[in-house]
Structure formats: structure tokens, C-alpha cells
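Asks: One structure follows; several queries about it will come next.
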2 protein chains.
Amino acid sequence: MKMSRGVEWALHCCLTLAMTGEDEALTAGELARFFDLPKAYLHKQIQALVRAGILSSTPGPGGGYVLARPLDAVSFMDVVAAIDGPDPAFRCDEIRQRGGSGAIGGPIDPGTRCLIDQAMGRADLAWRRELAATSLGSIQTDVGSARPGLAESTRRWFADQPH
Amino acid sequence: MKMSRGVEWALHCCLTLAMTGEDEALTAGELARFFDLPKAYLHKQIQALVRAGILSSTPGPGGGYVLARPLDAVSFMDVVAAIDGPDPAFRCDEIRQRGGSGAIGGPIDPGTRCLIDQAMGRADLAWRRELAATSLGSIQTDVGSARPGLAESTRRWFADQPH
């Protein structure tokens with residue numbers, strides 16, 4: 001089971017946009033250069049963040065992307081769902097109702113969810129709860145403590161880029 | 001993010017082997033017919049369960065697969081790790097150390113794990129804890145209550161199959 005690599009990219013881009021601030025819109029090309037990522041694929045992830053209401057785009061010269069809301073109001077779950085979709089990783093194909101298993105058991109009440117699916121669902125929920133309880137704002141605070149001066153250096157790096 | 005479909009197959013096979021008992025080894029072909037699954041691919045999942053010490057194989061005529069230990073000693077985590085591997089779904093590629101981001105921040109102490117990776121790791125741990133805390137034995141008990149007679153019907157179905 002592998003999560004899309006775009007999740008890491010999207011999380012870092014959100015933190016970077018929080019450092020540069022809402023007055024400095026960044027393009028996908030600038031963010032791609034900052035993290036040495038393929039621009040076209042990063043652009044797809046950024047568009048997914050826009051669709052999820054996490055980023056907004058500003059058009060025209062000097063345009064680009066900014067955070068659509070404060071990072072305190074963006075959870076890890078929001079970003080993971082935007083990039084990787086909302087479906088649980090485990091999909092129940094109801095194999096208990098197929099072949100010999102389906103034949104012997106008699107009809108199953110459609111409202112009776114497979115116990116295996118229920119157990120996998122509880123684990124999925126524990127994962128989602130943890131991701132939903134962690135905001136990117138809390139990470140921003142911790143990054144600020146762990147690496148003082150990083151936000152200022154980041155702003156300067158983008159300001160020095162040719163437009 | 002999608003989990004291998006083999007996880008559902010493996011979990012159901014373990015429950016089925018608990019119903020048929022250790023005196024009745026089942027082949028991959030019999031289990032494939034029982035759940036209407038592709039035999040060759042199911043065989044691969046079963047071999048992964050053997051490598052993980054969850055099933056054991058008995059050779060010769062009448063041979064096949066049996067549980068290597070009681071289902072109370074098999075957790076959902078054991079089966080998921082056997083089929084899908086032990087790696088977390090989120091992989092940190094340390095993009096913070098690449099491109100402009102790597103250039104401005106100065107060298108990062110290799111012991112300082114990325115805060116995004118830490119947060120994703122906590123969610124992964126919550127998921128694993130839940131899966132590790134649920135044994136297939138508890139599901140077996142619940143299936144027995146929900147569908148009385150299923151174990152007996154299952155035993156009869158396999159006994160009636162041509163060898």
C-alpha cells in the first residue's frame with residue numbers, strides 16, 4: 001500500500017505558502033524549483049488543493065497560488081483527501097457472497113456489513129481521526145521553533161527569483 | 001491509496017481454515033473455488049501467509065494448507081503485513097532538503113526527522129495499533145454468533161468437493 005508522493009509535495013507547498021504569505025502568490029513553476037519537483041505533476045496536485053478549497057489561485061501577471069484559509073483550519077486529513085481521494089484503502093468485494101461461500105450461507109441481509117470490513121473500517125477511522133486532529137498550523141509552529149529564520153529565508157528565496 | 005485485494009482474500013481464507021479445522025488441509029484451488037477467486041493469484045497470497053507463519057502447508061495427497069496457530073494469535077496487522085508488506089503508506093522523500101529549500105535552510109541534522117513525516121507516522125501508528133489489537137479469533141467468535149451453522153456448512157462444502 002503506497003500513498004501518492006503528491007501528498008508530501010502538497011503538505012510542504014502549503015507550509016511554504018504560509019511562510020511567504022498571502023501577498024506573495026507563488027506559481028507551480030516556482031514551487032517546483034524550490035523543491036526540485038516535476039512542474040507538470042506538481043501543478044496537478046496544486047489544482048487538487050484548489051478544488052478542495054485549501055489554496056486559491058490569483059490570475060494575471062504576478063498571479064499564482066496562495067492559501068485560501070489559515071493553516072490552523074487545514075488538517076492533514078484535508079490535504080490527504082484532496083490528493084489521494086476520500087475512499088478508504090481497504091475495499092470489501094463481498095467475497096463471502098461468491099462461489100461456494102455464497103451458496104452455502106444463504107442470502108445475507110444487505111444491511112449486515114461483513115465483520116472483516118468493519119474491523120478494517122475501524123482501523124481506517126483511527127487513522128483518519130489522527131490526521132484530522134493534526135492541523136498544518138501546529139506543524140508551522142513547530143517548524144518555526146525548530147528552524148528559526150526559515151520563513152524569512154524562504155520569503156527571500158522566492159523574492160529573488162526571476163518572474 | 002489502495003490496499004491489495006489480496007488482504008480481503010487472505011483474511012477470509014484464515015477464517016475459513018479455522019472453520020474447517022486443522023485435520024482438513026485445504027488446497028489453494030479449493031479455497032479459490034469457495035470464494036470464486038483466481039487460483040494462481042490466491043496461491044501467491046497463501047504462500048505469503050505461510051512465509052509469515054500464519055499458515056503451514058502439509059505435503060502429499062490430501063495435503064494443503066492449515067492454520068499454523070490459533071486465530072486468537074493472529075491479528076489483522078499480521079495478515080495485512082504479510083500481504084501488503086511492513087512499510088508505512090507514506091514515504092518521506094525529504095523534499096525539504098532539495099532545490100531551493102535545501103539550499104536556504106543550511107544542513108539539516110540527519111537525526112531531525114521531518115515534522116510532516118512525524119505527523120503522518122503518528123496516524124500510521126494509530127492505524128497499526130487498531131489492526132494489531134483486533135485478532136481474527138474475535139471475528140471468528142462474532143461470525144459464529146451472527147451466522148450460526150456457517151462453520152458446519154463450510155466443513156460440509158469442502159468435504160463434498162472432489163479431490
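To be explicit about the labels: the chains of the C-alpha cells are called A, B, and onward in the order shown, and within each one the residues are counted from 1, while ligands get numbers from 1 in the order they are shown.
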Just want the 12 Å neighbourhood of B:Ser75, counted on only C-alpha atoms, with same-chain residues fewer than 6 positions away dropped. Output as a list of chain:residue names.
Replies: A:Ile116, A:Ala119, A:Met120, B:Leu11, B:Cys14, B:Leu15, B:Ala52, B:Ile54, B:Arg69, B:Ala81, B:Ala82, B:Arg128, B:Arg129, B:Glu130, B:Leu131, B:Ala132, B:Ala133, B:Thr134, B:Ser135, B:Leu136, B:Gly137, B:Ser138, B:Ile139, B:Gln140
Asks: Quick one: contact table of chain B to chain A, 6 Å max, nearest atom pair and distance in Å to one decimal per residue, counting only C-alpha atoms, chain and number order, as a Markdown table?
Replies:
```
| residue | atom | partner | partner_atom | distance |
| --- | --- | --- | --- | --- |
| B:Met1 | CA | A:Met3 | CA | 5.1 |
| B:Lys2 | CA | A:Ala89 | CA | 4.4 |
| B:Met3 | CA | A:Met1 | CA | 5.1 |
| B:Phe34 | CA | A:Gly100 | CA | 4.3 |
| B:Phe35 | CA | A:Gly99 | CA | 4.8 |
| B:Asp36 | CA | A:Gly99 | CA | 4.6 |
| B:Ala89 | CA | A:Lys2 | CA | 4.4 |
| B:Phe90 | CA | A:Met3 | CA | 5.4 |
| B:Ile95 | CA | A:Phe35 | CA | 5.8 |
| B:Arg98 | CA | A:Phe35 | CA | 5.3 |
| B:Gly99 | CA | A:Asp36 | CA | 4.6 |
| B:Gly100 | CA | A:Phe34 | CA | 4.3 |
| B:Ser101 | CA | A:Phe34 | CA | 5.4 |
| B:Ala123 | CA | A:Trp127 | CA | 4.9 |
| B:Ala126 | CA | A:Trp127 | CA | 5.6 |
| B:Trp127 | CA | A:Ala123 | CA | 4.9 |
| B:Glu130 | CA | A:Ala123 | CA | 5.1 |
| B:Leu131 | CA | A:Ala123 | CA | 5.9 |
```
Asks: Write out as number ranges by chain the set of residues from chain A that DSSP, computed on the backbone, places in helix (DSSP H, G or I).
Replies: A: 6-20, 28-35, 39-51, 71-73, 76-84, 95-97, 99-105, 115-133, 136-146, 150-159
Asks: Per DSSP on the backbone, filter chain B down to the residues in strand (DSSP E) and report them as a VMD selection string.
Replies: chain B and resid 55 to 58 64 to 67
Asks: How would the residues just picked look written out with N, CA and C atoms as a tab-separated table (two decimals), in the first residue's frame?
Replies:
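Output file result29.tsv follows:
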```
chain	number	residue	atom	x	y	z
B	55	LEU	N	-0.05	-19.57	8.18
B	55	LEU	CA	-0.48	-20.89	7.70
B	55	LEU	C	0.73	-21.81	7.62
B	56	SER	N	0.45	-23.11	7.60
B	56	SER	CA	1.52	-24.05	7.25
B	56	SER	C	0.99	-24.99	6.19
B	57	SER	N	1.90	-25.54	5.41
B	57	SER	CA	1.47	-26.41	4.32
B	57	SER	C	1.80	-27.85	4.68
B	58	THR	N	0.91	-28.75	4.30
B	58	THR	CA	1.15	-30.17	4.50
B	58	THR	C	1.27	-30.80	3.12
B	64	GLY	N	-2.33	-29.73	1.80
B	64	GLY	CA	-2.85	-28.39	1.52
B	64	GLY	C	-2.38	-27.45	2.60
B	65	TYR	N	-3.24	-26.56	2.99
B	65	TYR	CA	-2.87	-25.54	3.97
B	65	TYR	C	-3.76	-25.64	5.20
B	66	VAL	N	-3.14	-25.41	6.36
B	66	VAL	CA	-3.88	-25.32	7.63
B	66	VAL	C	-3.36	-24.11	8.39
B	67	LEU	N	-4.10	-23.68	9.39
B	67	LEU	CA	-3.61	-22.59	10.25
B	67	LEU	C	-2.40	-23.08	11.03
```
Asks: For each of B:Arg51, B:Arg155, B:Arg113, B:Lys39, take the minimum atom-to-atom distance to B:Met19, counting only C-alpha atoms, then give the residue where this is smallest.
Replies: B:Arg155
Asks: Given the choices B:Ala48, B:Val74, B:Ala159, B:Ala40, which gets closest to B:Thr20 if the distance is worked out from only C-alpha atoms?
Replies: B:Ala159
Asks: Take atom CA of A:Leu17 and atom CA of A:Tyr41 and report the distance between them in Å, one decimal.
Replies: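 Computing it gives 18.1 Å between the two atoms.
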